[in-house]
Amino acid sequence: MKDYIDYIALHIYVGNPDNNYYNFMATPMVIEERTKIVEGMINEVMQNTVRRNHTDDPIYIAWDEYNVWYRARSGENMVGNHALEEQYNLEDALVISGMLNAFIRNADVVKMANMAQLVNVIGPIFTSKDDMYKQTIYYPLELFANNMHGTSLDLLVDCDTYDTEEFNIGLGETTTQQSDVPYLDVSATYKDNEVTIAVVNRHKDEYITTDIISQTGQFDGPFEVYEVNGPDIKAKNDFNKTNVKTARKENIKANGTTVTYDFPPHSVTLMKGKIKL
């Protein structure tokens, strides 16, 4: 297909059937691993052959299906008026945020990423005949879509890590354990003298105090801070009940090359501010 395609499509659905929080938090690393493998395959083809129809055009990756989906894929959940409808909690939103971070970090080759689906069946928006609410996974998707623009930045993240057991990523598919899983999962973008940083704190119980250091340029003025969180990792939203949502936090001072912030446990934080090069 190398002479005919512009994209190669990858899909992934993950889950937490064993109710193992830290295993589940590591599943976005499977996206990163598979992206690197396919990128290597693309590079090998491009280096060793000349494409007949698109001599200089690259082949990119489209993650054109991704989501958390495991509760509603068996038994009575497979049939009826509400078949396949997943009800999401906070830990699902953290995993989705990790997936979005992986897409941003690999933006040189991942040029398309489509969440499947958007309404009701594994959707961030849930409706009835006369009402609707936003599921937990809606809020990180909204933050990334509205704020993570421009150039993906290369980051060095130095934090404590943990190891996982062998785990099931959902749909009966087992993958090997992930070693050295960082508690902080991070991506960042730059556009028009503004840097945007997205951080998932995977730790279930502890704040993580972090120095954010700019190696090029200086932070210039306050940073806006937004946080997706909830009372506990199993917290869900429902009609007329929003336990997990985006909260605007107080701005933080950000002058010089270093900003220090305490990332709350089981949270997604987006920080946005100016940088002077």
# chains A, B, ... in the order shown; residues from 1 in each chain; ligands from 1

call {"tool": "residues_around", "arguments": {"residues": "Tyr66 (chain A)", "least_positions_apart": "6", "cutoff": "12 Å", "atoms": "only C-alpha atoms", "output": "compact mmCIF listing (two decimals) with N, CA and C atoms, in the first residue's frame"}}
result
# COMPACT_ATOMS: atom_id res chain seq x y z
N ALA A 9 -4.32 3.63 9.45
CA ALA A 9 -5.25 3.80 10.56
C ALA A 9 -4.95 2.80 11.67
N LEU A 10 -4.97 3.29 12.90
CA LEU A 10 -4.82 2.46 14.09
C LEU A 10 -6.02 2.68 15.00
N HIS A 11 -6.42 1.62 15.71
CA HIS A 11 -7.54 1.67 16.64
C HIS A 11 -7.08 1.14 17.99
N ILE A 12 -7.68 1.66 19.05
CA ILE A 12 -7.46 1.05 20.37
C ILE A 12 -8.65 1.37 21.29
N TYR A 13 -9.07 0.36 22.03
CA TYR A 13 -10.03 0.53 23.12
C TYR A 13 -9.40 -0.11 24.35
N VAL A 14 -9.48 0.56 25.47
CA VAL A 14 -8.87 0.06 26.69
C VAL A 14 -9.92 -0.04 27.78
N GLY A 15 -9.58 -0.77 28.84
CA GLY A 15 -10.52 -0.93 29.94
C GLY A 15 -9.83 -1.29 31.23
N THR A 27 -2.29 2.35 30.52
CA THR A 27 -2.70 1.90 29.19
C THR A 27 -2.42 2.91 28.08
N PRO A 28 -2.43 4.25 28.31
CA PRO A 28 -2.06 5.14 27.20
C PRO A 28 -0.65 4.91 26.68
N VAL A 30 0.49 2.19 25.79
CA VAL A 30 0.36 1.25 24.68
C VAL A 30 0.19 2.02 23.37
N ILE A 31 -0.57 3.12 23.40
CA ILE A 31 -0.70 3.97 22.22
C ILE A 31 0.66 4.46 21.76
N VAL A 95 -7.39 8.47 31.83
CA VAL A 95 -6.82 7.65 30.76
C VAL A 95 -6.98 8.36 29.41
N ILE A 96 -8.15 8.93 29.16
CA ILE A 96 -8.35 9.69 27.92
C ILE A 96 -7.34 10.83 27.83
N SER A 97 -7.08 11.50 28.93
CA SER A 97 -6.10 12.58 28.94
C SER A 97 -4.70 12.05 28.60
N GLY A 98 -4.37 10.86 29.10
CA GLY A 98 -3.09 10.26 28.75
C GLY A 98 -3.01 9.94 27.27
N MET A 99 -4.10 9.49 26.68
CA MET A 99 -4.13 9.24 25.24
C MET A 99 -3.91 10.54 24.46
N LEU A 100 -4.58 11.60 24.88
CA LEU A 100 -4.42 12.89 24.20
C LEU A 100 -2.99 13.40 24.33
N ALA A 102 -0.37 11.52 24.51
CA ALA A 102 0.42 10.70 23.58
C ALA A 102 0.29 11.20 22.15
N PHE A 103 -0.92 11.60 21.76
CA PHE A 103 -1.11 12.15 20.41
C PHE A 103 -0.30 13.43 20.23
N MET A 112 -3.98 12.80 12.75
CA MET A 112 -5.43 12.71 12.90
C MET A 112 -5.74 11.79 14.07
N ALA A 113 -6.68 12.20 14.92
CA ALA A 113 -7.11 11.36 16.04
C ALA A 113 -8.58 11.64 16.29
N ASN A 114 -9.41 10.63 16.09
CA ASN A 114 -10.87 10.80 16.18
C ASN A 114 -11.42 9.93 17.29
N MET A 115 -12.07 10.55 18.25
CA MET A 115 -12.71 9.76 19.30
C MET A 115 -13.96 9.10 18.75
N ALA A 116 -14.11 7.83 19.07
CA ALA A 116 -15.32 7.10 18.71
C ALA A 116 -16.03 6.68 20.00
N GLN A 117 -17.28 6.97 20.10
CA GLN A 117 -18.14 7.86 19.31
C GLN A 117 -18.31 9.16 20.10
N LEU A 118 -19.23 10.04 19.69
CA LEU A 118 -19.36 11.30 20.40
C LEU A 118 -20.63 11.42 21.25
N ILE A 122 -20.32 4.98 23.93
CA ILE A 122 -18.96 5.41 24.28
C ILE A 122 -18.72 6.88 23.95
N GLY A 123 -19.69 7.72 24.29
CA GLY A 123 -19.61 9.13 23.92
C GLY A 123 -19.38 10.04 25.11
N GLY A 170 -8.38 -4.42 27.62
CA GLY A 170 -9.79 -4.41 27.22
C GLY A 170 -10.02 -5.28 26.01

call {"tool": "residues_around", "arguments": {"residues": "Asn240 (chain A)", "least_positions_apart": "5", "cutoff": "10 Å", "atoms": "only C-alpha atoms", "output": "JSON, numbers by chain"}}
result
{"A": [131, 132, 133]}

call {"tool": "select_by_dssp", "arguments": {"residues": "region 16-113 of chain A", "states": "alpha helix (DSSP H)", "output": "PyMOL selection string"}}
result
chain A and resi 21-25+28-48+90-105

call {"tool": "write_last_selection", "arguments": {"atoms": "N, CA and C atoms", "output": "CSV table (one decimal), in the first residue's frame"}}
result
chain,number,residue,atom,x,y,z
A,21,TYR,N,-6.3,0.1,39.3
A,21,TYR,CA,-6.2,1.5,39.0
A,21,TYR,C,-4.8,1.8,38.3
A,22,TYR,N,-3.7,1.4,38.9
A,22,TYR,CA,-2.4,1.8,38.3
A,22,TYR,C,-2.1,1.1,37.0
A,23,ASN,N,-2.6,-0.1,36.8
A,23,ASN,CA,-2.5,-0.8,35.5
A,23,ASN,C,-3.3,0.0,34.5
A,24,PHE,N,-4.5,0.4,34.8
A,24,PHE,CA,-5.3,1.2,33.9
A,24,PHE,C,-4.7,2.5,33.5
A,25,MET,N,-4.1,3.2,34.5
A,25,MET,CA,-3.4,4.5,34.2
A,25,MET,C,-2.3,4.3,33.2
A,28,PRO,N,-2.4,4.2,28.3
A,28,PRO,CA,-2.1,5.1,27.2
A,28,PRO,C,-0.7,4.9,26.7
A,29,MET,N,0.2,4.3,27.5
A,29,MET,CA,1.6,4.0,27.0
A,29,MET,C,1.6,3.0,25.9
A,30,VAL,N,0.5,2.2,25.8
A,30,VAL,CA,0.4,1.2,24.7
A,30,VAL,C,0.2,2.0,23.4
A,31,ILE,N,-0.6,3.1,23.4
A,31,ILE,CA,-0.7,4.0,22.2
A,31,ILE,C,0.7,4.5,21.8
A,32,GLU,N,1.4,4.9,22.7
A,32,GLU,CA,2.8,5.5,22.4
A,32,GLU,C,3.7,4.4,21.8
A,33,GLU,N,3.6,3.2,22.4
A,33,GLU,CA,4.4,2.1,21.9
A,33,GLU,C,4.0,1.7,20.5
A,34,ARG,N,2.8,1.6,20.2
A,34,ARG,CA,2.3,1.1,18.9
A,34,ARG,C,2.6,2.2,17.9
A,35,THR,N,2.4,3.5,18.3
A,35,THR,CA,2.8,4.6,17.4
A,35,THR,C,4.2,4.5,16.9
A,36,LYS,N,5.1,4.3,17.9
A,36,LYS,CA,6.5,4.2,17.5
A,36,LYS,C,6.8,3.0,16.6
A,37,ILE,N,6.2,1.9,16.9
A,37,ILE,CA,6.4,0.7,16.0
A,37,ILE,C,5.9,1.0,14.6
A,38,VAL,N,4.7,1.5,14.4
A,38,VAL,CA,4.2,1.8,13.1
A,38,VAL,C,5.1,2.9,12.4
A,39,GLU,N,5.5,3.9,13.2
A,39,GLU,CA,6.3,4.9,12.6
A,39,GLU,C,7.6,4.3,12.1
A,40,GLY,N,8.2,3.3,12.8
A,40,GLY,CA,9.4,2.7,12.4
A,40,GLY,C,9.2,1.9,11.1
A,41,MET,N,8.0,1.3,10.9
A,41,MET,CA,7.7,0.6,9.7
A,41,MET,C,7.5,1.5,8.5
A,42,ILE,N,6.9,2.7,8.8
A,42,ILE,CA,6.8,3.7,7.8
A,42,ILE,C,8.1,4.2,7.3
A,43,ASN,N,9.0,4.5,8.3
A,43,ASN,CA,10.3,5.0,8.0
A,43,ASN,C,11.2,4.0,7.1
A,44,GLU,N,11.0,2.7,7.5
A,44,GLU,CA,11.7,1.7,6.7
A,44,GLU,C,11.3,1.7,5.3
A,45,VAL,N,10.0,1.7,5.1
A,45,VAL,CA,9.5,1.7,3.7
A,45,VAL,C,9.9,3.0,2.9
A,46,MET,N,9.8,4.1,3.6
A,46,MET,CA,10.2,5.4,2.9
A,46,MET,C,11.7,5.4,2.6
A,47,GLN,N,12.5,4.9,3.4
A,47,GLN,CA,13.9,4.9,3.2
A,47,GLN,C,14.4,3.9,2.1
A,48,ASN,N,13.7,2.8,2.0
A,48,ASN,CA,14.1,1.7,1.1
A,48,ASN,C,13.5,1.7,-0.2
A,90,LEU,N,-14.1,9.2,36.7
A,90,LEU,CA,-12.9,10.0,36.7
A,90,LEU,C,-11.7,9.3,36.2
A,91,GLU,N,-11.5,8.0,36.6
A,91,GLU,CA,-10.3,7.3,36.1
A,91,GLU,C,-10.3,7.2,34.6
A,92,ASP,N,-11.5,7.0,34.0
A,92,ASP,CA,-11.6,7.0,32.5
A,92,ASP,C,-11.1,8.3,31.9
A,93,ALA,N,-11.5,9.4,32.5
A,93,ALA,CA,-11.1,10.7,32.0
A,93,ALA,C,-9.6,10.9,32.1
A,94,LEU,N,-9.0,10.3,33.2
A,94,LEU,CA,-7.5,10.4,33.3
A,94,LEU,C,-6.8,9.6,32.2
A,95,VAL,N,-7.4,8.5,31.8
A,95,VAL,CA,-6.8,7.7,30.8
A,95,VAL,C,-7.0,8.4,29.4
A,96,ILE,N,-8.1,8.9,29.2
A,96,ILE,CA,-8.3,9.7,27.9
A,96,ILE,C,-7.3,10.8,27.8
A,97,SER,N,-7.1,11.5,28.9
A,97,SER,CA,-6.1,12.6,28.9
A,97,SER,C,-4.7,12.1,28.6
A,98,GLY,N,-4.4,10.9,29.1
A,98,GLY,CA,-3.1,10.3,28.7
A,98,GLY,C,-3.0,9.9,27.3
A,99,MET,N,-4.1,9.5,26.7
A,99,MET,CA,-4.1,9.2,25.2
A,99,MET,C,-3.9,10.5,24.5
A,100,LEU,N,-4.6,11.6,24.9
A,100,LEU,CA,-4.4,12.9,24.2
A,100,LEU,C,-3.0,13.4,24.3
A,101,ASN,N,-2.4,13.2,25.5
A,101,ASN,CA,-1.0,13.6,25.7
A,101,ASN,C,-0.1,12.8,24.7
A,102,ALA,N,-0.4,11.5,24.5
A,102,ALA,CA,0.4,10.7,23.6
A,102,ALA,C,0.3,11.2,22.2
A,103,PHE,N,-0.9,11.6,21.8
A,103,PHE,CA,-1.1,12.1,20.4
A,103,PHE,C,-0.3,13.4,20.2
A,104,ILE,N,-0.3,14.3,21.2
A,104,ILE,CA,0.4,15.6,21.1
A,104,ILE,C,1.9,15.3,21.0
A,105,ARG,N,2.4,14.4,21.9
A,105,ARG,CA,3.8,14.1,21.9
A,105,ARG,C,4.3,13.6,20.5

call {"tool": "select_by_dssp", "arguments": {"residues": "region 113-255 of chain A", "states": "strand (DSSP E or B)", "output": "ChimeraX atom specification"}}
result
/A:113,119,125-127,132-134,151-152,161-162,167-170,173-175,181-182,184-191,194-201,208-213,218-220,223-229,236,238,241,245-252,255

call {"tool": "closest_atom_pairs", "arguments": {"of": "region 121-156 of chain A", "to": "region 259-272 of chain A", "cutoff": "12 Å", "atoms": "only C-alpha atoms", "output": "CSV"}}
result
residue,atom,partner,partner_atom,distance
A:Thr136,CA,A:Val268,CA,11.5
A:Ile137,CA,A:Val268,CA,11.0
A:Tyr139,CA,A:Val268,CA,9.5
A:Pro140,CA,A:Val268,CA,7.4
A:Leu141,CA,A:Val268,CA,11.0
A:Glu142,CA,A:Leu270,CA,11.2
A:Leu143,CA,A:Leu270,CA,7.5
A:Phe144,CA,A:Leu270,CA,8.5
A:Ala145,CA,A:Leu270,CA,11.8
A:Asn146,CA,A:Leu270,CA,11.1
A:Asn147,CA,A:Lys272,CA,8.3
A:Met148,CA,A:Leu270,CA,9.3
A:His149,CA,A:Lys272,CA,11.3

call {"tool": "closest_residue", "arguments": {"among": "A:Asn89, A:Asp180, A:Ile212, A:Gly221", "to": "Thr242 (chain A)", "atoms": "only C-alpha atoms"}}
result
A:Asn89

call {"tool": "residues_around", "arguments": {"residues": "Glu166 (chain A)", "least_positions_apart": "3", "cutoff": "12 Å", "atoms": "only C-alpha atoms", "output": "JSON list (two decimals) with N, CA and C atoms, in the first residue's frame"}}
result
[["chain", "number", "residue", "atom", "x", "y", "z"],
["A", 18, "ASP", "N", -10.12, -5.60, 35.61],
["A", 18, "ASP", "CA", -9.59, -6.15, 36.86],
["A", 18, "ASP", "C", -9.63, -5.15, 38.01],
["A", 20, "ASN", "N", -7.88, -2.54, 38.51],
["A", 20, "ASN", "CA", -6.52, -2.24, 38.94],
["A", 20, "ASN", "C", -6.18, -0.83, 38.44],
["A", 22, "TYR", "N", -3.74, 1.44, 38.87],
["A", 22, "TYR", "CA", -2.44, 1.81, 38.32],
["A", 22, "TYR", "C", -2.14, 1.10, 37.00],
["A", 23, "ASN", "N", -2.60, -0.13, 36.84],
["A", 23, "ASN", "CA", -2.50, -0.76, 35.52],
["A", 23, "ASN", "C", -3.26, 0.05, 34.47],
["A", 24, "PHE", "N", -4.47, 0.43, 34.83],
["A", 24, "PHE", "CA", -5.33, 1.18, 33.90],
["A", 24, "PHE", "C", -4.68, 2.50, 33.51],
["A", 26, "ALA", "N", -1.71, 3.13, 33.09],
["A", 26, "ALA", "CA", -0.57, 2.92, 32.19],
["A", 26, "ALA", "C", -1.00, 2.60, 30.76],
["A", 27, "THR", "N", -2.29, 2.35, 30.52],
["A", 27, "THR", "CA", -2.70, 1.90, 29.19],
["A", 27, "THR", "C", -2.42, 2.91, 28.08],
["A", 163, "ASP", "N", 5.86, 0.44, 38.51],
["A", 163, "ASP", "CA", 5.77, -0.67, 37.55],
["A", 163, "ASP", "C", 4.37, -1.27, 37.62],
["A", 169, "ILE", "N", -5.82, -4.76, 28.38],
["A", 169, "ILE", "CA", -6.20, -3.40, 27.98],
["A", 169, "ILE", "C", -7.66, -3.32, 27.54],
["A", 173, "GLU", "N", -7.78, -8.43, 25.10],
["A", 173, "GLU", "CA", -6.41, -8.32, 24.58],
["A", 173, "GLU", "C", -5.45, -8.04, 25.73],
["A", 174, "THR", "N", -4.46, -8.89, 25.88],
["A", 174, "THR", "CA", -3.49, -8.73, 26.96],
["A", 174, "THR", "C", -2.18, -8.22, 26.39],
["A", 175, "THR", "N", -1.59, -7.28, 27.11],
["A", 175, "THR", "CA", -0.30, -6.74, 26.70],
["A", 175, "THR", "C", 0.69, -6.90, 27.84],
["A", 176, "THR", "N", 1.96, -6.72, 27.57],
["A", 176, "THR", "CA", 2.98, -6.92, 28.59],
["A", 176, "THR", "C", 2.96, -5.79, 29.59],
["A", 177, "GLN", "N", 3.62, -6.01, 30.73],
["A", 177, "GLN", "CA", 3.67, -4.98, 31.75],
["A", 177, "GLN", "C", 4.45, -3.78, 31.26],
["A", 178, "GLN", "N", 4.14, -2.63, 31.84],
["A", 178, "GLN", "CA", 4.87, -1.41, 31.56],
["A", 178, "GLN", "C", 5.77, -1.11, 32.76],
["A", 179, "SER", "N", 7.05, -0.94, 32.51],
["A", 179, "SER", "CA", 8.00, -0.61, 33.57],
["A", 179, "SER", "C", 8.25, 0.89, 33.58]]

call {"tool": "residues_around", "arguments": {"residues": "Lys274 (chain A)", "least_positions_apart": "3", "cutoff": "7 Å", "atoms": "only C-alpha atoms", "output": "ChimeraX atom specification"}}
result
/A:193-195,219-221
